[in-house]
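**Student:** Got structure34.txt for you, compact mmCIF, C-alpha atoms:
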```
# COMPACT_ATOMS: atom_id res chain seq x y z
CA MET A 1 -43.16 66.99 -131.95
CA SER A 2 -43.73 69.77 -129.44
CA ASP A 3 -44.90 73.15 -130.76
CA THR A 4 -43.56 74.94 -127.67
CA ALA A 5 -39.84 74.90 -128.51
CA PRO A 6 -38.13 78.17 -127.50
CA PRO A 7 -37.31 80.58 -130.34
CA GLY A 8 -34.21 79.58 -132.27
CA THR A 9 -34.32 75.91 -131.19
CA GLN A 10 -36.71 74.50 -133.78
CA THR A 11 -34.05 72.54 -135.66
CA LEU A 12 -32.78 71.00 -132.42
CA ALA A 13 -36.34 70.09 -131.42
CA ARG A 14 -36.88 68.42 -134.80
CA GLY A 15 -33.69 66.39 -134.44
CA LEU A 16 -34.67 65.26 -130.95
CA ALA A 17 -38.14 64.34 -132.22
CA LEU A 18 -36.53 62.09 -134.85
CA ILE A 19 -34.38 60.37 -132.22
CA ARG A 20 -37.43 59.75 -130.04
CA ALA A 21 -39.34 58.39 -133.04
CA VAL A 22 -36.57 55.87 -133.74
CA ALA A 23 -36.50 54.94 -130.05
CA GLY A 24 -40.25 54.41 -130.29
CA GLY A 25 -39.90 51.93 -133.16
CA ALA A 26 -39.83 53.95 -136.40
CA THR A 27 -37.26 52.37 -138.73
CA ASP A 28 -37.72 54.09 -142.08
CA LEU A 29 -38.19 57.60 -143.43
CA ARG A 30 -41.91 57.12 -143.94
CA GLY A 31 -42.39 56.12 -140.32
CA LEU A 32 -40.30 59.04 -139.12
CA VAL A 33 -42.34 61.50 -141.15
CA GLU A 34 -45.60 60.03 -139.82
CA ASP A 35 -44.41 60.08 -136.20
CA THR A 36 -42.93 63.58 -136.19
CA GLY A 37 -45.06 65.44 -138.72
CA LEU A 38 -41.93 66.74 -140.44
CA GLY A 39 -41.68 67.16 -144.19
CA ARG A 40 -39.94 64.32 -145.99
CA SER A 41 -37.01 66.42 -147.21
CA THR A 42 -36.48 68.00 -143.76
CA ALA A 43 -36.61 64.61 -142.04
CA HIS A 44 -34.19 63.10 -144.57
CA ARG A 45 -31.71 65.96 -144.17
CA LEU A 46 -31.76 65.79 -140.37
CA VAL A 47 -31.52 62.00 -140.31
CA GLN A 48 -28.39 62.17 -142.49
CA LEU A 49 -26.80 64.53 -139.96
CA LEU A 50 -27.82 62.35 -137.01
CA VAL A 51 -26.35 59.28 -138.71
CA SER A 52 -23.08 61.06 -139.50
CA GLU A 53 -22.77 62.17 -135.85
CA GLY A 54 -23.55 58.70 -134.52
CA TYR A 55 -26.87 59.53 -132.88
CA LEU A 56 -28.60 57.18 -135.32
CA ARG A 57 -27.31 54.33 -137.44
CA SER A 58 -28.59 52.93 -140.69
CA GLY A 59 -28.54 49.23 -141.53
CA ARG A 60 -30.40 46.45 -143.30
CA ASP A 61 -33.31 46.75 -140.86
CA GLY A 62 -33.55 50.52 -141.20
CA TYR A 63 -32.71 53.18 -138.65
CA ALA A 64 -31.75 52.45 -135.05
CA LEU A 65 -30.25 54.38 -132.17
CA GLY A 66 -26.54 54.98 -132.68
CA PRO A 67 -23.35 54.48 -130.67
CA THR A 68 -23.11 58.13 -129.60
CA LEU A 69 -26.31 57.72 -127.59
CA ILE A 70 -24.91 54.59 -125.93
CA GLU A 71 -21.74 56.47 -124.99
CA LEU A 72 -23.66 59.46 -123.64
CA GLY A 73 -26.12 57.20 -121.85
CA PHE A 74 -23.36 55.47 -119.91
CA GLN A 75 -21.80 58.82 -119.07
CA ALA A 76 -25.14 60.08 -117.76
CA LEU A 77 -25.67 56.88 -115.78
CA HIS A 78 -22.28 57.02 -114.10
CA GLY A 79 -22.51 60.77 -113.60
CA SER A 80 -25.16 60.11 -110.97
CA PRO A 81 -23.86 58.93 -107.60
CA LEU A 82 -26.84 56.61 -107.04
CA PRO A 83 -25.86 53.71 -109.37
CA VAL A 84 -22.23 53.86 -108.20
CA VAL A 85 -23.14 53.85 -104.50
CA ALA A 86 -25.84 51.21 -104.95
CA ARG A 87 -23.93 48.70 -107.09
CA PRO A 88 -22.04 46.85 -104.30
CA VAL A 89 -25.26 46.53 -102.30
CA LEU A 90 -27.13 45.22 -105.36
CA GLU A 91 -24.41 42.66 -106.01
CA GLU A 92 -24.50 41.48 -102.41
CA LEU A 93 -28.29 41.13 -102.53
CA ALA A 94 -28.20 39.22 -105.83
CA GLU A 95 -25.54 36.82 -104.54
CA GLN A 96 -27.32 36.28 -101.24
CA LEU A 97 -30.84 35.81 -102.62
CA ARG A 98 -30.28 34.53 -106.21
CA ASP A 99 -33.25 36.66 -107.30
CA THR A 100 -33.44 39.56 -109.77
CA VAL A 101 -32.43 42.87 -108.20
CA HIS A 102 -33.42 46.27 -109.60
CA LEU A 103 -32.40 49.86 -108.98
CA ALA A 104 -34.82 52.51 -110.23
CA VAL A 105 -35.73 56.18 -109.94
CA ARG A 106 -38.86 58.17 -110.63
CA ASP A 107 -38.70 60.12 -113.87
CA GLY A 108 -41.86 62.16 -114.33
CA ASP A 109 -44.81 59.83 -113.96
CA SER A 110 -42.94 56.59 -114.62
CA VAL A 111 -40.31 54.27 -113.21
CA LEU A 112 -36.90 54.39 -114.92
CA TYR A 113 -34.62 51.40 -114.34
CA LEU A 114 -30.97 52.33 -113.74
CA ASP A 115 -29.57 48.87 -112.98
CA LYS A 116 -30.60 45.23 -113.09
CA LEU A 117 -28.88 42.08 -111.87
CA PRO A 118 -30.75 39.04 -113.25
CA GLY A 119 -31.53 36.20 -110.88
CA SER A 120 -30.00 32.75 -111.24
CA ARG A 121 -33.32 30.91 -111.08
CA GLY A 122 -36.79 31.26 -112.52
CA ALA A 123 -37.92 33.06 -115.67
CA GLU A 124 -36.20 36.14 -117.08
CA MET A 125 -38.15 39.34 -116.52
CA ARG A 126 -38.96 41.86 -119.22
CA SER A 127 -37.42 44.80 -117.31
CA ARG A 128 -34.12 46.21 -118.56
CA ILE A 129 -31.83 49.14 -117.89
CA GLY A 130 -33.36 52.29 -119.40
CA HIS A 131 -36.83 50.70 -119.49
CA ARG A 132 -39.84 52.60 -118.13
CA MET A 133 -42.73 51.08 -116.22
CA PRO A 134 -45.85 52.36 -114.40
CA LEU A 135 -45.40 53.70 -110.88
CA THR A 136 -48.54 52.18 -109.38
CA ARG A 137 -48.20 48.76 -111.04
CA THR A 138 -44.67 47.90 -109.88
CA GLY A 139 -43.21 47.28 -106.45
CA VAL A 140 -40.29 49.60 -107.07
CA GLY A 141 -42.69 52.26 -108.35
CA MET A 142 -44.87 52.03 -105.27
CA ALA A 143 -41.74 52.35 -103.12
CA LEU A 144 -40.88 55.54 -104.98
CA LEU A 145 -44.36 56.90 -104.12
CA LEU A 146 -44.36 56.23 -100.38
CA ASP A 147 -44.00 59.95 -99.56
CA SER A 148 -46.46 61.09 -102.24
CA ALA A 149 -49.89 60.25 -100.82
CA PRO A 150 -51.66 63.16 -102.60
CA GLU A 151 -50.69 61.61 -105.96
CA TRP A 152 -51.73 58.01 -105.30
CA ARG A 153 -55.31 58.26 -106.48
CA GLU A 154 -54.72 60.14 -109.75
CA LEU A 155 -51.69 58.08 -110.71
CA TYR A 156 -53.58 54.84 -110.12
CA LEU A 157 -56.52 56.02 -112.21
CA ALA A 158 -54.19 57.16 -114.99
CA GLU A 159 -52.20 53.91 -115.08
CA THR A 160 -54.92 51.32 -114.57
CA PRO A 161 -55.68 49.54 -117.87
CA ALA A 162 -59.41 50.12 -118.06
CA GLU A 163 -61.86 52.25 -119.97
CA PRO A 164 -61.91 55.86 -118.75
CA GLY A 165 -64.23 56.20 -115.79
CA ARG A 166 -64.63 52.43 -115.46
CA VAL A 167 -62.11 51.73 -112.67
CA ARG A 168 -63.92 49.81 -109.95
CA PRO A 169 -64.10 51.81 -106.70
CA GLU A 170 -63.22 48.71 -104.69
CA ASP A 171 -59.97 48.28 -106.67
CA LEU A 172 -58.98 51.89 -106.04
CA ASP A 173 -59.82 51.57 -102.34
CA ALA A 174 -57.75 48.39 -102.09
CA PHE A 175 -54.77 50.09 -103.75
CA LEU A 176 -54.97 53.10 -101.45
CA ALA A 177 -55.17 50.81 -98.41
CA ARG A 178 -52.09 48.95 -99.60
CA MET A 179 -50.19 52.19 -100.11
CA ARG A 180 -51.04 53.38 -96.61
CA GLU A 181 -49.77 50.08 -95.24
CA TYR A 182 -46.58 50.28 -97.31
CA ALA A 183 -45.95 53.88 -96.27
CA GLU A 184 -46.22 52.85 -92.62
CA SER A 185 -43.88 49.86 -92.99
CA GLY A 186 -41.45 51.56 -95.39
CA VAL A 187 -41.52 48.59 -97.79
CA ALA A 188 -43.75 47.98 -100.86
CA MET A 189 -44.80 44.76 -102.60
CA ASP A 190 -45.71 43.88 -106.18
CA LEU A 191 -48.31 41.10 -105.92
CA GLU A 192 -48.25 40.27 -109.64
CA ASP A 193 -49.70 43.73 -110.33
CA ASN A 194 -47.48 44.33 -113.34
CA GLU A 195 -46.47 40.95 -114.72
CA PRO A 196 -48.38 37.68 -114.15
CA GLY A 197 -46.39 35.28 -112.00
CA ILE A 198 -43.82 37.90 -110.90
CA ARG A 199 -43.71 39.23 -107.35
CA CYS A 200 -41.30 41.61 -105.67
CA VAL A 201 -40.39 43.43 -102.48
CA ALA A 202 -39.09 47.00 -102.77
CA ALA A 203 -37.85 49.77 -100.48
CA PRO A 204 -37.04 53.46 -101.05
CA ILE A 205 -33.56 55.00 -101.02
CA ARG A 206 -33.26 58.44 -99.39
CA ASP A 207 -30.72 61.17 -99.98
CA ALA A 208 -29.09 63.53 -97.48
CA THR A 209 -32.25 65.65 -97.29
CA GLY A 210 -34.45 62.66 -96.48
CA ALA A 211 -36.22 62.76 -99.85
CA ILE A 212 -36.75 59.55 -101.81
CA ALA A 213 -34.00 59.42 -104.45
CA GLY A 214 -34.57 55.92 -105.81
CA ALA A 215 -35.64 52.43 -104.83
CA ILE A 216 -34.35 48.85 -104.72
CA SER A 217 -36.45 45.79 -105.46
CA VAL A 218 -35.97 42.03 -105.30
CA SER A 219 -38.13 40.09 -107.76
CA ALA A 220 -38.82 36.41 -108.44
CA THR A 221 -41.46 34.13 -109.91
CA ARG A 222 -44.33 33.08 -107.67
CA PRO A 223 -42.88 29.66 -106.65
CA TYR A 224 -39.79 31.40 -105.24
CA MET A 225 -41.75 34.27 -103.69
CA PRO A 226 -44.55 32.92 -101.49
CA ALA A 227 -46.22 35.30 -99.06
CA ALA A 228 -44.15 34.10 -96.09
CA ARG A 229 -40.86 34.73 -97.92
CA MET A 230 -42.03 38.18 -99.07
CA ARG A 231 -42.69 39.12 -95.45
CA GLY A 232 -39.25 37.85 -94.50
CA LEU A 233 -37.62 39.88 -97.26
CA ASN A 234 -39.07 43.13 -95.91
CA ARG A 235 -36.23 43.46 -93.43
CA VAL A 236 -33.53 42.35 -95.91
CA VAL A 237 -34.57 44.75 -98.67
CA GLY A 238 -35.20 47.58 -96.21
CA ARG A 239 -31.74 47.14 -94.74
CA ALA A 240 -30.14 47.19 -98.21
CA ALA A 241 -32.01 50.39 -99.09
CA ARG A 242 -30.79 52.00 -95.87
CA GLN A 243 -27.20 51.04 -96.73
CA VAL A 244 -27.46 52.84 -100.05
CA SER A 245 -29.19 55.77 -98.38
CA ALA A 246 -26.30 56.07 -95.92
CA GLY A 247 -23.90 56.16 -98.87
CA LEU A 248 -25.85 59.15 -100.22
CA GLY A 249 -25.49 60.97 -96.91
CA HIS A 250 -28.84 60.08 -95.36
CA ARG A 251 -28.90 59.71 -91.60
CA GLU A 252 -31.72 57.92 -89.81
CA PRO A 253 -33.54 60.08 -87.21
```
Can you turn what I pasted into structure tokens?
**Tutor:**
Amino acid sequence: MSDTAPPGTQTLARGLALIRAVAGGATDLRGLVEDTGLGRSTAHRLVQLLVSEGYLRSGRDGYALGPTLIELGFQALHGSPLPVVARPVLEELAEQLRDTVHLAVRDGDSVLYLDKLPGSRGAEMRSRIGHRMPLTRTGVGMALLLDSAPEWRELYLAETPAEPGRVRPEDLDAFLARMREYAESGVAMDLEDNEPGIRCVAAPIRDATGAIAGAISVSATRPYMPAARMRGLNRVVGRAARQVSAGLGHREP
């Protein structure tokens, strides 16, 4: 739990810490106390309130996120114009290509998935709405970074699964070269960077100011996504992203 909560908001901060702990996998009071550092009696009292208000629920398997969070989550999702504007384009892509289609935004230093239409062939992917993934290890994440060249190096170093200081210089150089190429073409590719056997093509969505507001990706297993098809999808995915961008008020130069 953060120690920097503004004066008078400590109880709220504690309640939010408990919700995050449950979201992170804590299912009983002991786990909540360990994750948040709260006293047992304080945690128990706050959990009772959160359960009564529907933010948490209690069942045979312990605590879980409650229906109030689901309700508020859908309200937050549909309060943004991006998922509403993008949905018809996503549906058209999914029907045309039969592959998995994602809509995502950047939230801090991670990818946040706002929508997913599963493909009708190949293996199911582990992504889901509300799931977070690394920016530099996913096609949609790299698409979200196309305008952020000063951040590429540090984000890659932070997200690469290796011992600190042990990232191979040649791997970093290869990533930076790829990003420069993607920035020039306006389309990014996941070459099984994040999930073995899964490849994708992604393109950024821009708002009325020209800033990147989100990204679309089309993903499939390797047999359905050979290099030649990925190159062919560049135009298709880029066109879909421009359609959504136009719906957000973006105008091409």
**Student:** Kindly indicate which residue among A:Glu34, A:Glu184, A:Glu53, A:Glu71 lies nearest to Ala143 in chain A, using only C-alpha atoms for the distances.
**Tutor:**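 Of the candidates, the smallest distance to Ala143 in chain A is held by A:Glu184.
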**Student:** Select, from A:Asp173, A:Ala21, A:Ala203, A:Arg132, the residue with the minimum atom-to-atom distance to Gly108 in chain A, counting all atoms listed in the file.
**Tutor:**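 Nearest candidate to Gly108 in chain A out of A:Asp173, A:Ala21, A:Ala203, A:Arg132: A:Arg132.
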**Student:** Find the residue from A:Met189, A:Ala94, A:Ile212, A:Ile198 that sits nearest to Ser127 in chain A; use all atoms listed in the file when measuring.
**Tutor:** A:Ile198
**Student:** Counting all atoms listed in the file, what are the residues of range 20-111 of chain A within 12 Å of range 238-242 of chain A, and for each of them which pair of atoms is the nearest and at what distance in Å, to one decimal? Sort the table by chain and rising number, as CSV.
**Tutor:**
```
residue,atom,partner,partner_atom,distance
A:Leu82,CA,A:Ala241,CA,11.3
A:Val85,CA,A:Ala241,CA,11.0
A:Ala86,CA,A:Ala241,CA,8.5
A:Arg87,CA,A:Ala240,CA,10.9
A:Pro88,CA,A:Ala240,CA,10.1
A:Val89,CA,A:Ala240,CA,6.4
A:Leu90,CA,A:Ala240,CA,8.0
A:Glu91,CA,A:Ala240,CA,10.7
A:Glu92,CA,A:Ala240,CA,9.1
A:Leu93,CA,A:Ala240,CA,7.7
A:Ala94,CA,A:Ala240,CA,11.2
A:Gln96,CA,A:Ala240,CA,11.7
A:Val101,CA,A:Ala240,CA,11.1
A:His102,CA,A:Ala241,CA,11.4
A:Leu103,CA,A:Ala241,CA,9.9
A:Ala104,CA,A:Ala241,CA,11.7
```
**Student:** Would you compute the distance between CA of Gly247 in chain A and CA of Asp207 in chain A? Give it in Å to one decimal.
**Tutor:**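 Between these atoms lies a distance of 8.5 Å.
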**Student:** Would you mind telling me which residue in A:Leu233, A:Leu18, A:Ala177, A:Leu135 lies nearest to Gln48 in chain A when using only C-alpha atoms?
**Tutor:**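 Once distances to Gln48 in chain A are computed over only C-alpha atoms, the minimum belongs to A:Leu18.
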**Student:** At what distance in Å, to one decimal, does CA of Ala23 in chain A lie from CA of Thr68 in chain A?
**Tutor:**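 Straight-line distance from CA of Thr68 in chain A to CA of Ala23 in chain A works out to 13.8 Å.
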**Student:** Restricting the calculation to all atoms listed in the file: of A:Ser41, A:Thr160, A:Ser217, A:Ser148, which residue gets closest to Pro134 in chain A?
**Tutor:** A:Thr160
**Student:** Quote the spacing between CA of Ser120 in chain A and CA of Glu192 in chain A in Å to one decimal place.
**Tutor:** 19.8 Å
